[in-house]
>>> print(open('target.json').read())   # JSON, C-alpha atoms and all ligand atoms
[["chain", "number", "residue", "atom", "x", "y", "z"],
["A", 567, "VAL", "CA", 0.00, 0.00, 0.00],
["A", 568, "LEU", "CA", 1.33, 3.44, -0.96],
["A", 569, "SER", "CA", 0.61, 6.39, 1.32],
["A", 570, "ILE", "CA", 1.70, 9.99, 0.86],
["A", 571, "ASP", "CA", 1.81, 12.47, 3.73],
["A", 572, "GLU", "CA", 3.37, 15.77, 4.58],
["A", 573, "VAL", "CA", 6.31, 15.31, 6.95],
["A", 574, "ASP", "CA", 7.48, 17.54, 9.79],
["A", 575, "ALA", "CA", 9.12, 15.19, 12.34],
["A", 576, "VAL", "CA", 12.92, 15.54, 12.40],
["A", 577, "ASP", "CA", 13.58, 11.79, 12.05],
["A", 578, "ASP", "CA", 11.40, 11.63, 8.94],
["A", 579, "LEU", "CA", 13.05, 14.75, 7.49],
["A", 580, "ARG", "CA", 16.48, 13.18, 8.03],
["A", 581, "ALA", "CA", 15.31, 10.07, 6.21],
["A", 582, "VAL", "CA", 14.06, 12.23, 3.32],
["A", 583, "ALA", "CA", 17.41, 14.07, 3.08],
["A", 584, "GLN", "CA", 19.23, 10.71, 3.02],
["A", 585, "LEU", "CA", 16.90, 9.39, 0.35],
["A", 586, "PHE", "CA", 17.68, 12.34, -1.95],
["A", 587, "ALA", "CA", 21.44, 11.83, -1.37],
["A", 588, "ALA", "CA", 21.04, 8.16, -2.32],
["A", 589, "ILE", "CA", 19.00, 8.93, -5.48],
["A", 590, "TRP", "CA", 21.48, 11.60, -6.66],
["A", 591, "ARG", "CA", 24.44, 9.46, -5.53],
["A", 592, "THR", "CA", 26.14, 12.23, -3.55],
["A", 593, "SER", "CA", 28.20, 12.08, -0.38],
["A", 594, "PRO", "CA", 26.24, 13.05, 2.77],
["A", 595, "GLU", "CA", 27.99, 16.49, 2.82],
["A", 596, "ASP", "CA", 26.87, 17.24, -0.74],
["A", 597, "ALA", "CA", 23.28, 16.04, -0.23],
["A", 598, "PRO", "CA", 20.81, 17.93, -2.45],
["A", 599, "VAL", "CA", 18.98, 19.31, 0.65],
["A", 600, "SER", "CA", 19.78, 19.21, 4.34],
["A", 601, "SER", "CA", 17.27, 18.09, 6.95],
["A", 602, "ASP", "CA", 17.59, 21.52, 8.62],
["A", 603, "LEU", "CA", 16.46, 23.21, 5.43],
["A", 604, "LEU", "CA", 13.61, 20.72, 5.07],
["A", 605, "LYS", "CA", 12.55, 21.57, 8.65],
["A", 606, "ALA", "CA", 12.56, 25.27, 7.86],
["A", 607, "LEU", "CA", 10.52, 24.72, 4.71],
["A", 608, "ALA", "CA", 7.96, 22.54, 6.47],
["A", 609, "HIS", "CA", 7.78, 25.02, 9.34],
["A", 610, "THR", "CA", 7.08, 28.00, 7.07],
["A", 611, "GLY", "CA", 4.25, 26.45, 5.08],
["A", 612, "GLY", "CA", 6.29, 24.87, 2.29],
["A", 613, "TYR", "CA", 5.58, 21.49, 0.77],
["A", 614, "VAL", "CA", 7.53, 18.54, 2.17],
["A", 615, "ALA", "CA", 5.88, 15.21, 1.42],
["A", 616, "ALA", "CA", 7.03, 11.61, 1.58],
["A", 617, "ALA", "CA", 5.72, 8.43, -0.02],
["A", 618, "TRP", "CA", 5.75, 5.26, 2.06],
["A", 619, "ARG", "CA", 5.15, 1.78, 0.72],
["A", 620, "ASP", "CA", 4.42, -0.82, 3.38],
["A", 621, "GLY", "CA", 6.23, 1.36, 5.91],
["A", 622, "ASP", "CA", 9.33, 1.98, 3.76],
["A", 623, "LEU", "CA", 10.24, 5.46, 2.53],
["A", 624, "VAL", "CA", 10.20, 5.19, -1.29],
["A", 625, "GLY", "CA", 9.93, 8.78, -2.50],
["A", 626, "ALA", "CA", 9.72, 12.42, -1.51],
["A", 627, "SER", "CA", 8.95, 15.82, -2.96],
["A", 628, "VAL", "CA", 9.83, 19.29, -1.72],
["A", 629, "GLY", "CA", 8.45, 22.65, -2.80],
["A", 630, "LEU", "CA", 8.95, 26.27, -1.79],
["A", 631, "LEU", "CA", 6.21, 28.84, -1.44],
["A", 632, "ALA", "CA", 6.60, 31.14, -4.41],
["A", 633, "ASN", "CA", 5.38, 34.47, -5.69],
["A", 634, "ASP", "CA", 3.12, 33.69, -8.65],
["A", 635, "GLU", "CA", 2.42, 37.16, -10.07],
["A", 636, "GLY", "CA", 1.50, 38.46, -6.64],
["A", 637, "ARG", "CA", -0.35, 35.35, -5.53],
["A", 638, "LEU", "CA", 0.83, 32.42, -3.51],
["A", 639, "GLY", "CA", 2.28, 29.67, -5.68],
["A", 640, "LEU", "CA", 4.49, 26.64, -5.29],
["A", 641, "HIS", "CA", 7.93, 26.03, -6.79],
["A", 642, "SER", "CA", 8.72, 22.34, -6.67],
["A", 643, "HIS", "CA", 12.45, 22.13, -5.95],
["A", 644, "ILE", "CA", 13.16, 18.42, -5.91],
["A", 645, "SER", "CA", 11.21, 15.18, -6.35],
["A", 646, "GLY", "CA", 12.78, 11.76, -6.25],
["A", 647, "VAL", "CA", 11.94, 8.08, -6.01],
["A", 648, "ALA", "CA", 14.23, 5.38, -4.60],
["A", 649, "PRO", "CA", 15.94, 3.58, -7.50],
["A", 650, "GLU", "CA", 14.34, 0.23, -6.66],
["A", 651, "ALA", "CA", 10.89, 1.84, -6.60],
["A", 652, "GLN", "CA", 11.21, 3.90, -9.82],
["A", 653, "GLY", "CA", 8.72, 3.19, -12.55],
["A", 654, "SER", "CA", 6.00, 1.91, -10.23],
["A", 655, "GLY", "CA", 3.83, 5.00, -10.03],
["A", 656, "VAL", "CA", 5.33, 6.67, -6.93],
["A", 657, "GLY", "CA", 6.50, 9.82, -8.75],
["A", 658, "TYR", "CA", 3.13, 10.25, -10.42],
["A", 659, "ALA", "CA", 1.31, 9.78, -7.09],
["A", 660, "LEU", "CA", 3.60, 12.38, -5.46],
["A", 661, "LYS", "CA", 2.88, 14.93, -8.19],
["A", 662, "LEU", "CA", -0.89, 14.36, -7.92],
["A", 663, "HIS", "CA", -0.61, 14.83, -4.14],
["A", 664, "GLN", "CA", 1.30, 18.05, -4.76],
["A", 665, "ARG", "CA", -1.41, 19.24, -7.16],
["A", 666, "ALA", "CA", -4.20, 18.49, -4.65],
["A", 667, "TRP", "CA", -2.19, 20.31, -1.95],
["A", 668, "ALA", "CA", -1.85, 23.39, -4.16],
["A", 669, "LEU", "CA", -5.51, 23.37, -5.21],
["A", 670, "GLU", "CA", -6.60, 23.18, -1.54],
["A", 671, "ARG", "CA", -4.63, 26.36, -0.91],
["A", 672, "GLY", "CA", -6.10, 28.21, -3.87],
["A", 673, "MET", "CA", -2.85, 28.15, -5.86],
["A", 674, "ARG", "CA", -3.05, 28.39, -9.64],
["A", 675, "ARG", "CA", 0.32, 27.15, -10.62],
["A", 676, "ILE", "CA", 3.18, 24.86, -9.66],
["A", 677, "THR", "CA", 6.52, 25.55, -11.31],
["A", 678, "TRP", "CA", 9.72, 23.54, -11.43],
["A", 679, "THR", "CA", 12.77, 23.11, -13.61],
["A", 680, "PHE", "CA", 14.00, 19.91, -15.20],
["A", 681, "ASP", "CA", 16.85, 18.76, -17.40],
["A", 682, "PRO", "CA", 15.25, 18.78, -20.86],
["A", 683, "LEU", "CA", 17.71, 16.14, -22.09],
["A", 684, "VAL", "CA", 16.04, 13.56, -19.85],
["A", 685, "ARG", "CA", 13.51, 12.17, -22.27],
["A", 686, "ARG", "CA", 11.39, 10.27, -19.75],
["A", 687, "ASN", "CA", 10.98, 13.33, -17.59],
["A", 688, "ALA", "CA", 9.80, 15.33, -20.62],
["A", 689, "TRP", "CA", 7.07, 12.81, -21.28],
["A", 690, "PHE", "CA", 6.20, 12.71, -17.57],
["A", 691, "ASN", "CA", 5.96, 16.51, -17.21],
["A", 692, "LEU", "CA", 4.24, 17.41, -20.47],
["A", 693, "VAL", "CA", 1.94, 14.48, -21.14],
["A", 694, "LYS", "CA", 1.37, 12.53, -17.91],
["A", 695, "LEU", "CA", 0.99, 15.73, -15.86],
["A", 696, "GLY", "CA", -0.19, 18.18, -18.53],
["A", 697, "ALA", "CA", 2.35, 20.89, -17.68],
["A", 698, "VAL", "CA", 4.11, 23.01, -20.33],
["A", 699, "GLY", "CA", 7.74, 24.08, -20.83],
["A", 700, "VAL", "CA", 7.96, 27.86, -20.84],
["A", 701, "ALA", "CA", 11.60, 28.99, -20.60],
["A", 702, "TYR", "CA", 15.16, 27.76, -21.08],
["A", 703, "HIS", "CA", 17.94, 28.57, -18.58],
["A", 704, "ARG", "CA", 21.55, 28.08, -19.62],
["A", 705, "ASN", "CA", 23.71, 26.50, -16.88],
["A", 706, "PHE", "CA", 21.03, 27.27, -14.27],
["A", 707, "TYR", "CA", 22.85, 25.83, -11.23],
["A", 708, "GLY", "CA", 26.40, 26.05, -12.61],
["A", 709, "SER", "CA", 28.31, 22.79, -13.14],
["A", 710, "MET", "CA", 26.92, 20.00, -10.98],
["A", 711, "GLN", "CA", 29.01, 17.39, -9.20],
["A", 712, "ASP", "CA", 26.47, 14.68, -8.41],
["A", 713, "GLY", "CA", 26.42, 11.20, -9.92],
["A", 714, "ILE", "CA", 23.49, 11.94, -12.27],
["A", 715, "ASN", "CA", 24.67, 15.24, -13.78],
["A", 716, "ARG", "CA", 28.38, 14.33, -14.02],
["A", 717, "HIS", "CA", 29.99, 17.78, -14.23],
["A", 718, "ASP", "CA", 28.06, 18.85, -17.30],
["A", 719, "GLU", "CA", 26.59, 22.35, -17.40],
["A", 720, "SER", "CA", 23.15, 22.37, -15.84],
["A", 721, "ASP", "CA", 20.78, 23.68, -18.50],
["A", 722, "ARG", "CA", 17.19, 23.57, -17.28],
["A", 723, "CYS", "CA", 13.72, 24.05, -18.74],
["A", 724, "SER", "CA", 11.12, 25.88, -16.63],
["A", 725, "ILE", "CA", 7.84, 24.10, -16.29],
["A", 726, "ALA", "CA", 4.48, 25.70, -15.53],
["A", 727, "TRP", "CA", 1.72, 23.41, -14.32],
["A", 728, "ASP", "CA", -1.60, 25.24, -14.23],
["A", 729, "VAL", "CA", -3.11, 22.92, -11.66],
["A", 730, "ALA", "CA", -6.72, 24.09, -12.09],
["A", 731, "SER", "CA", -6.64, 23.92, -15.90],
["A", 732, "GLU", "CA", -8.67, 21.54, -18.03],
["A", 733, "ARG", "CA", -5.41, 20.22, -19.41],
["A", 734, "ALA", "CA", -4.10, 19.28, -15.95],
["A", 735, "ALA", "CA", -7.43, 17.65, -15.08],
["A", 736, "ALA", "CA", -7.40, 15.68, -18.35],
["A", 737, "ALA", "CA", -3.85, 14.54, -17.64],
["A", 738, "ALA", "CA", -4.76, 13.48, -14.09],
["A", 739, "ALA", "CA", -7.64, 11.44, -15.57],
["A", 740, "GLY", "CA", -5.17, 9.78, -17.96],
["A", 741, "HIS", "CA", -6.72, 11.43, -21.03],
["A", 742, "LEU", "CA", -3.76, 13.28, -22.56],
["A", 743, "ARG", "CA", -2.27, 11.45, -25.52],
["A", 744, "GLU", "CA", 1.11, 11.79, -27.12],
["A", 745, "PRO", "CA", 1.12, 13.74, -30.39],
["A", 746, "ASP", "CA", 1.52, 12.08, -33.78],
["A", 747, "VAL", "CA", 4.81, 13.41, -35.13],
["A", 748, "THR", "CA", 4.22, 12.24, -38.71],
["A", 749, "THR", "CA", 0.99, 14.24, -38.87],
["A", 750, "LEU", "CA", 2.67, 17.32, -37.38],
["A", 751, "LEU", "CA", 5.44, 17.11, -40.01],
["A", 752, "ASP", "CA", 2.83, 16.74, -42.77],
["A", 753, "GLU", "CA", 1.13, 19.85, -41.41],
["A", 754, "GLY", "CA", 4.32, 21.89, -41.70],
["A", 755, "ALA", "CA", 6.12, 21.49, -38.38],
["A", 756, "ILE", "CA", 9.90, 21.79, -38.80],
["A", 757, "ALA", "CA", 12.28, 19.33, -37.12],
["A", 758, "VAL", "CA", 15.11, 21.52, -35.78],
["A", 759, "LEU", "CA", 16.98, 18.79, -33.89],
["A", 760, "THR", "CA", 17.45, 15.23, -35.12],
["A", 761, "GLU", "CA", 20.05, 12.48, -34.89],
["A", 762, "ALA", "CA", 22.66, 11.62, -37.54],
["A", 763, "GLN", "CA", 23.51, 8.02, -38.48],
["A", 764, "ASP", "CA", 26.49, 8.09, -36.11],
["A", 765, "GLY", "CA", 24.40, 9.25, -33.14],
["A", 766, "SER", "CA", 25.50, 12.88, -33.17],
["A", 767, "PRO", "CA", 22.97, 15.73, -33.09],
["A", 768, "VAL", "CA", 21.94, 17.60, -36.26],
["A", 769, "THR", "CA", 20.42, 21.06, -35.86],
["A", 770, "ALA", "CA", 18.50, 23.31, -38.22],
["A", 771, "VAL", "CA", 17.54, 26.97, -37.93],
["A", 772, "SER", "CA", 13.85, 27.74, -38.33],
["A", 773, "HIS", "CA", 11.43, 30.50, -37.43],
["A", 774, "ALA", "CA", 8.41, 28.24, -37.90],
["A", 775, "ASP", "CA", 5.69, 28.55, -35.30],
["A", 776, "ARG", "CA", 5.66, 24.81, -34.78],
["A", 777, "ARG", "CA", 9.03, 23.08, -34.30],
["A", 778, "LEU", "CA", 10.09, 19.62, -33.21],
["A", 779, "CYS", "CA", 13.23, 18.62, -31.29],
["A", 780, "TRP", "CA", 14.41, 15.06, -30.70],
["A", 781, "VAL", "CA", 16.48, 13.93, -27.68],
["A", 782, "PRO", "CA", 18.36, 10.64, -27.11],
["A", 783, "ALA", "CA", 16.84, 7.76, -25.17],
["A", 784, "ASP", "CA", 19.07, 7.86, -22.10],
["A", 785, "ILE", "CA", 21.24, 10.93, -21.51],
["A", 786, "VAL", "CA", 22.30, 9.76, -18.04],
["A", 787, "ALA", "CA", 23.90, 6.64, -19.56],
["A", 788, "LEU", "CA", 25.36, 8.70, -22.44],
["A", 789, "ARG", "CA", 26.99, 11.14, -19.98],
["A", 790, "ALA", "CA", 28.73, 8.19, -18.32],
["A", 791, "ALA", "CA", 29.72, 6.41, -21.56],
["A", 792, "ASP", "CA", 30.56, 9.36, -23.84],
["A", 793, "PRO", "CA", 30.63, 12.75, -22.06],
["A", 794, "ASP", "CA", 31.70, 14.66, -25.20],
["A", 795, "ARG", "CA", 28.76, 13.33, -27.20],
["A", 796, "ALA", "CA", 26.43, 14.14, -24.28],
["A", 797, "ARG", "CA", 27.77, 17.72, -24.25],
["A", 798, "ASP", "CA", 27.17, 18.02, -27.99],
["A", 799, "TRP", "CA", 23.53, 17.10, -27.38],
["A", 800, "ARG", "CA", 23.19, 19.67, -24.61],
["A", 801, "ARG", "CA", 24.59, 22.41, -26.85],
["A", 802, "ALA", "CA", 22.36, 21.32, -29.73],
["A", 803, "LEU", "CA", 19.27, 21.33, -27.52],
["A", 804, "ARG", "CA", 20.26, 24.77, -26.22],
["A", 805, "ASP", "CA", 20.44, 26.06, -29.81],
["A", 806, "THR", "CA", 17.05, 24.61, -30.79],
["A", 807, "LEU", "CA", 14.68, 24.03, -27.85],
["A", 808, "GLY", "CA", 16.35, 26.91, -26.01],
["A", 809, "GLN", "CA", 16.01, 29.14, -29.08],
["A", 810, "ALA", "CA", 12.36, 28.18, -29.57],
["A", 811, "LEU", "CA", 11.49, 29.02, -25.96],
["A", 812, "ASP", "CA", 13.45, 32.29, -26.27],
["A", 813, "ASP", "CA", 11.37, 33.03, -29.39],
["A", 814, "GLY", "CA", 8.22, 32.71, -27.26],
["A", 815, "LEU", "CA", 7.15, 29.22, -28.27],
["A", 816, "VAL", "CA", 5.98, 26.80, -25.56],
["A", 817, "ALA", "CA", 6.77, 23.10, -25.20],
["A", 818, "THR", "CA", 3.28, 21.62, -25.22],
["A", 819, "ALA", "CA", 3.93, 17.92, -25.70],
["A", 820, "ALA", "CA", 6.52, 15.18, -25.89],
["A", 821, "THR", "CA", 6.53, 11.63, -27.14],
["A", 822, "ARG", "CA", 7.98, 8.51, -25.55],
["A", 823, "SER", "CA", 10.15, 8.22, -28.65],
["A", 824, "GLY", "CA", 11.94, 11.48, -27.78],
["A", 825, "TRP", "CA", 10.20, 14.31, -29.67],
["A", 826, "TYR", "CA", 9.29, 17.67, -28.17],
["A", 827, "VAL", "CA", 6.56, 19.76, -29.77],
["A", 828, "LEU", "CA", 7.11, 23.52, -29.56],
["A", 829, "GLU", "CA", 4.37, 25.86, -30.69],
["A", 830, "THR", "CA", 2.86, 29.28, -30.15],
["A", 831, "ALA", "CA", 1.01, 29.44, -26.84],
["A", 832, "HIS", "CA", -2.44, 29.84, -28.43],
["A", 833, "ALA", "CA", -1.95, 27.05, -31.02],
["A", 901, "LIG", "C1", 11.52, 11.13, -12.27],
["A", 901, "LIG", "C2", 10.93, 10.32, -11.12],
["A", 901, "LIG", "C3", 10.58, 11.29, -9.95],
["A", 901, "LIG", "C4", 9.61, 9.67, -11.65],
["A", 901, "LIG", "O1", 9.05, 8.89, -10.63],
["A", 901, "LIG", "P1", 8.71, 7.34, -10.86],
["A", 901, "LIG", "O2", 8.00, 6.87, -9.65],
["A", 901, "LIG", "O3", 9.93, 6.61, -11.29],
["A", 901, "LIG", "O4", 7.72, 7.44, -12.11],
["A", 901, "LIG", "P2", 6.27, 6.79, -12.26],
["A", 901, "LIG", "O5", 6.34, 5.32, -12.12],
["A", 901, "LIG", "O6", 5.31, 7.52, -11.37],
["A", 901, "LIG", "O7", 5.97, 7.11, -13.79],
["A", 901, "LIG", "C5", 5.73, 8.40, -14.27],
["A", 901, "LIG", "C6", 6.43, 8.64, -15.56],
["A", 901, "LIG", "O8", 7.76, 9.03, -15.28],
["A", 901, "LIG", "C7", 8.58, 8.68, -16.36],
["A", 901, "LIG", "N1", 9.89, 8.35, -15.76],
["A", 901, "LIG", "C8", 10.85, 9.28, -15.55],
["A", 901, "LIG", "N2", 11.91, 8.72, -15.00],
["A", 901, "LIG", "C9", 11.66, 7.42, -14.82],
["A", 901, "LIG", "C10", 12.41, 6.33, -14.30],
["A", 901, "LIG", "N3", 13.66, 6.47, -13.82],
["A", 901, "LIG", "N4", 11.84, 5.11, -14.29],
["A", 901, "LIG", "C11", 10.61, 4.96, -14.80],
["A", 901, "LIG", "N5", 9.84, 5.95, -15.29],
["A", 901, "LIG", "C12", 10.36, 7.19, -15.31],
["A", 901, "LIG", "C13", 7.91, 7.57, -17.11],
["A", 901, "LIG", "O9", 7.78, 7.97, -18.45],
["A", 901, "LIG", "C14", 6.57, 7.42, -16.46],
["A", 901, "LIG", "O10", 5.52, 7.47, -17.38],
["A", 901, "LIG", "P3", 4.85, 6.08, -17.91],
["A", 901, "LIG", "O11", 4.45, 5.30, -16.69],
["A", 901, "LIG", "O12", 3.68, 6.52, -18.72],
["A", 901, "LIG", "O13", 5.92, 5.44, -18.71],
["A", 901, "LIG", "C15", 11.87, 9.21, -10.63],
["A", 901, "LIG", "O14", 12.08, 8.26, -11.63],
["A", 901, "LIG", "C16", 13.23, 9.71, -10.15],
["A", 901, "LIG", "O15", 13.37, 10.02, -8.97],
["A", 901, "LIG", "N6", 14.24, 9.75, -11.03],
["A", 901, "LIG", "C17", 15.58, 10.20, -10.67],
["A", 901, "LIG", "C18", 15.63, 11.63, -10.21],
["A", 901, "LIG", "C19", 14.96, 12.63, -11.13],
["A", 901, "LIG", "O16", 15.25, 12.66, -12.32],
["A", 901, "LIG", "N7", 14.07, 13.51, -10.58],
["A", 901, "LIG", "C20", 13.37, 14.53, -11.32],
["A", 901, "LIG", "C21", 14.10, 15.81, -11.40],
["A", 901, "LIG", "S1", 14.08, 16.78, -9.89]]
>>> encode(input="target.json", output="structure tokens", more="lines below")
Ligand SMILES: CC(C)(COP(=O)(O)OP(=O)(O)OC[C@H]1O[C@@H](n2cnc3c(N)ncnc32)[C@H](O)[C@@H]1OP(=O)(O)O)[C@@H](O)C(=O)NCCC(=O)NCCS
Amino acid sequence: VLSIDEVDAVDDLRAVAQLFAAIWRTSPEDAPVSSDLLKALAHTGGYVAAAWRDGDLVGASVGLLANDEGRLGLHSHISGVAPEAQGSGVGYALKLHQRAWALERGMRRITWTFDPLVRRNAWFNLVKLGAVGVAYHRNFYGSMQDGINRHDESDRCSIAWDVASERAAAAAAGHLREPDVTTLLDEGAIAVLTEAQDGSPVTAVSHADRRLCWVPADIVALRAADPDRARDWRRALRDTLGQALDDGLVATAATRSGWYVLETAHA
């Protein structure tokens, strides 16, 4: 049985901090968040929630109260699931808990950033949750030393999740579908990032109001196996997805096969 609750007790907060250090494979000193900071966040009305399966801590999510155009909003800072529990619905359940928490408090929007090279997270954010990608930040946190990011520059995409929207409700009901890329291409979308035969990125410049970008299947593995190739992909995504978001397009969808759809906000 999976249960998700807000946490405030120091022992639980310590366990959450340790879980994040284990997921991001850092030393205890370089843990992504300290239990003291978690305590402060929980104490000041922030979001600190943990997922327990049969009594074991299997995931956690932490968000900061944020200024959403003068209203109270939530910025989700970190969400993680224990490696052995990944892919079994814990992350999705945590995000739905976070959405319900925000709706109860009258919030309109949850924001977060994610590494847009991580294909599975793109699908998760844009299609399973119904959020959209709204901005691109070059080297957001500086170079990162943990075992997932491996010293690469930390480009991030900002996500906006309008929790009360029809789109978010449809996603929560499992009704959002991935787009059909062939149809989009037939209708004039331009692919600005694709893969060459040898696995390197190929970029194109376009001012089209619907663009597609493709990302590799597993960037975390690629960073470990071939860091130079992984860096080439980051730079290529910066020049294409980053450019599209700078041009005012929004990432509205992604496919499991690695495509992002970028289009004008009203499209
Ligand atoms: C990303 C993460 C929070 C998702 O939680 P999860 O419990 O593994 O995912 P769920 O089982 O709820 O599935 C939700 C979707 O996430 C996607 N996903 C992302 N990462 C995944 C992973 N490592 N394993 C399986 N699915 C993953 C899947 O596409 C899945 O959609 P699907 O079921 O339609 O295929 C979790 O895998 C994780 O902690 N990964 C490492 C850290 C990280 O990248 N955190 C996010 C950035 S702060």
>>> residues_near_ligand(input="target.json", ligand="ligand LIG 901 (chain A)", cutoff="8 Å", atoms="only C-alpha atoms and all ligand atoms", output="PDB file with C-alpha atoms, in the coordinates of the input")
ATOM      1  CA  ILE A 589      19.000   8.930  -5.480  1.00  0.00           C
ATOM      2  CA  TRP A 590      21.480  11.600  -6.660  1.00  0.00           C
ATOM      3  CA  GLY A 625       9.930   8.780  -2.500  1.00  0.00           C
ATOM      4  CA  HIS A 643      12.450  22.130  -5.950  1.00  0.00           C
ATOM      5  CA  ILE A 644      13.160  18.420  -5.910  1.00  0.00           C
ATOM      6  CA  SER A 645      11.210  15.180  -6.350  1.00  0.00           C
ATOM      7  CA  GLY A 646      12.780  11.760  -6.250  1.00  0.00           C
ATOM      8  CA  VAL A 647      11.940   8.080  -6.010  1.00  0.00           C
ATOM      9  CA  ALA A 648      14.230   5.380  -4.600  1.00  0.00           C
ATOM     10  CA  PRO A 649      15.940   3.580  -7.500  1.00  0.00           C
ATOM     11  CA  ALA A 651      10.890   1.840  -6.600  1.00  0.00           C
ATOM     12  CA  GLN A 652      11.210   3.900  -9.820  1.00  0.00           C
ATOM     13  CA  GLY A 653       8.720   3.190 -12.550  1.00  0.00           C
ATOM     14  CA  SER A 654       6.000   1.910 -10.230  1.00  0.00           C
ATOM     15  CA  GLY A 655       3.830   5.000 -10.030  1.00  0.00           C
ATOM     16  CA  VAL A 656       5.330   6.670  -6.930  1.00  0.00           C
ATOM     17  CA  GLY A 657       6.500   9.820  -8.750  1.00  0.00           C
ATOM     18  CA  TYR A 658       3.130  10.250 -10.420  1.00  0.00           C
ATOM     19  CA  ALA A 659       1.310   9.780  -7.090  1.00  0.00           C
ATOM     20  CA  LEU A 660       3.600  12.380  -5.460  1.00  0.00           C
ATOM     21  CA  THR A 679      12.770  23.110 -13.610  1.00  0.00           C
ATOM     22  CA  PHE A 680      14.000  19.910 -15.200  1.00  0.00           C
ATOM     23  CA  ASP A 681      16.850  18.760 -17.400  1.00  0.00           C
ATOM     24  CA  VAL A 684      16.040  13.560 -19.850  1.00  0.00           C
ATOM     25  CA  ARG A 685      13.510  12.170 -22.270  1.00  0.00           C
ATOM     26  CA  ARG A 686      11.390  10.270 -19.750  1.00  0.00           C
ATOM     27  CA  ASN A 687      10.980  13.330 -17.590  1.00  0.00           C
ATOM     28  CA  ALA A 688       9.800  15.330 -20.620  1.00  0.00           C
ATOM     29  CA  TRP A 689       7.070  12.810 -21.280  1.00  0.00           C
ATOM     30  CA  PHE A 690       6.200  12.710 -17.570  1.00  0.00           C
ATOM     31  CA  ASN A 691       5.960  16.510 -17.210  1.00  0.00           C
ATOM     32  CA  LYS A 694       1.370  12.530 -17.910  1.00  0.00           C
ATOM     33  CA  ARG A 822       7.980   8.510 -25.550  1.00  0.00           C
TER      34      ARG A 822
END
>>> residues_around(input="target.json", residues="Arg674 in chain A", least_positions_apart="3", cutoff="9 Å", atoms="only C-alpha atoms", output="mmCIF file with C-alpha atoms, in the coordinates of the input")
data_model
loop_
_atom_site.group_PDB
_atom_site.id
_atom_site.type_symbol
_atom_site.label_atom_id
_atom_site.label_comp_id
_atom_site.auth_asym_id
_atom_site.auth_seq_id
_atom_site.Cartn_x
_atom_site.Cartn_y
_atom_site.Cartn_z
ATOM 1 C CA ASP A 634 3.120 33.690 -8.650
ATOM 2 C CA ARG A 637 -0.350 35.350 -5.530
ATOM 3 C CA LEU A 638 0.830 32.420 -3.510
ATOM 4 C CA GLY A 639 2.280 29.670 -5.680
ATOM 5 C CA LEU A 640 4.490 26.640 -5.290
ATOM 6 C CA ALA A 668 -1.850 23.390 -4.160
ATOM 7 C CA LEU A 669 -5.510 23.370 -5.210
ATOM 8 C CA TRP A 727 1.720 23.410 -14.320
ATOM 9 C CA ASP A 728 -1.600 25.240 -14.230
ATOM 10 C CA VAL A 729 -3.110 22.920 -11.660
ATOM 11 C CA ALA A 730 -6.720 24.090 -12.090
ATOM 12 C CA SER A 731 -6.640 23.920 -15.900
#
>>> closest_residue(input="target.json", among="A:Val786, A:Trp780, A:Leu662, A:His703", to="Ala739 in chain A", atoms="all atoms listed in the file")
A:Leu662
>>> residues_around(input="target.json", residues="Leu692 in chain A", least_positions_apart="4", cutoff="8 Å", atoms="only C-alpha atoms", output="NGL selection string")
:A and (688 or 696-699 or 817-820)
>>> atom_distance(input="target.json", atom1="CA of Ala597 in chain A", atom2="CA of Gly808 in chain A")
28.8 Å
>>> residues_around(input="target.json", residues="Arg800 in chain A", least_positions_apart="5", cutoff="9 Å", atoms="only C-alpha atoms", output="list in words")
Pro682, Leu683, Asp718, Glu719, Asp721, Arg795 and Asp805 of chain A
>>> atom_distance(input="target.json", atom1="CA of Arg591 in chain A", atom2="CA of Gln711 in chain A")
9.9 Å
>>> closest_residue(input="target.json", among="A:Val693, A:Val771, A:Ile785, A:Leu778", to="Arg743 in chain A", atoms="all atoms listed in the file")
A:Val693
>>> residues_around(input="target.json", residues="range 628-632 of chain A", least_positions_apart="5", cutoff="12 Å", atoms="all atoms listed in the file", output="ChimeraX atom specification")
/A:571-574,579,582-583,586,598-601,603-617,637-646,660-661,663-665,667-668,671,673-679
>>> atom_distance(input="target.json", atom1="CA of Arg801 in chain A", atom2="CA of Thr748 in chain A")
25.7 Å
>>> closest_residue(input="target.json", among="A:Ile570, A:Ala666, A:Ala791, A:Ala831", to="Ala810 in chain A", atoms="all atoms listed in the file")
A:Ala831
>>> closest_residue(input="target.json", among="A:Ser569, A:Asn633, A:Ser766, A:Thr592", to="Gly621 in chain A", atoms="only C-alpha atoms")
A:Ser569
>>> closest_residue(input="target.json", among="A:Arg733, A:Gly713, A:Leu751, A:Gly765", to="Asp792 in chain A", atoms="only C-alpha atoms")
A:Gly765
>>> closest_residue(input="target.json", among="A:Leu695, A:His717, A:Ala757, A:Ser709", to="Gly740 in chain A", atoms="all atoms listed in the file")
A:Leu695
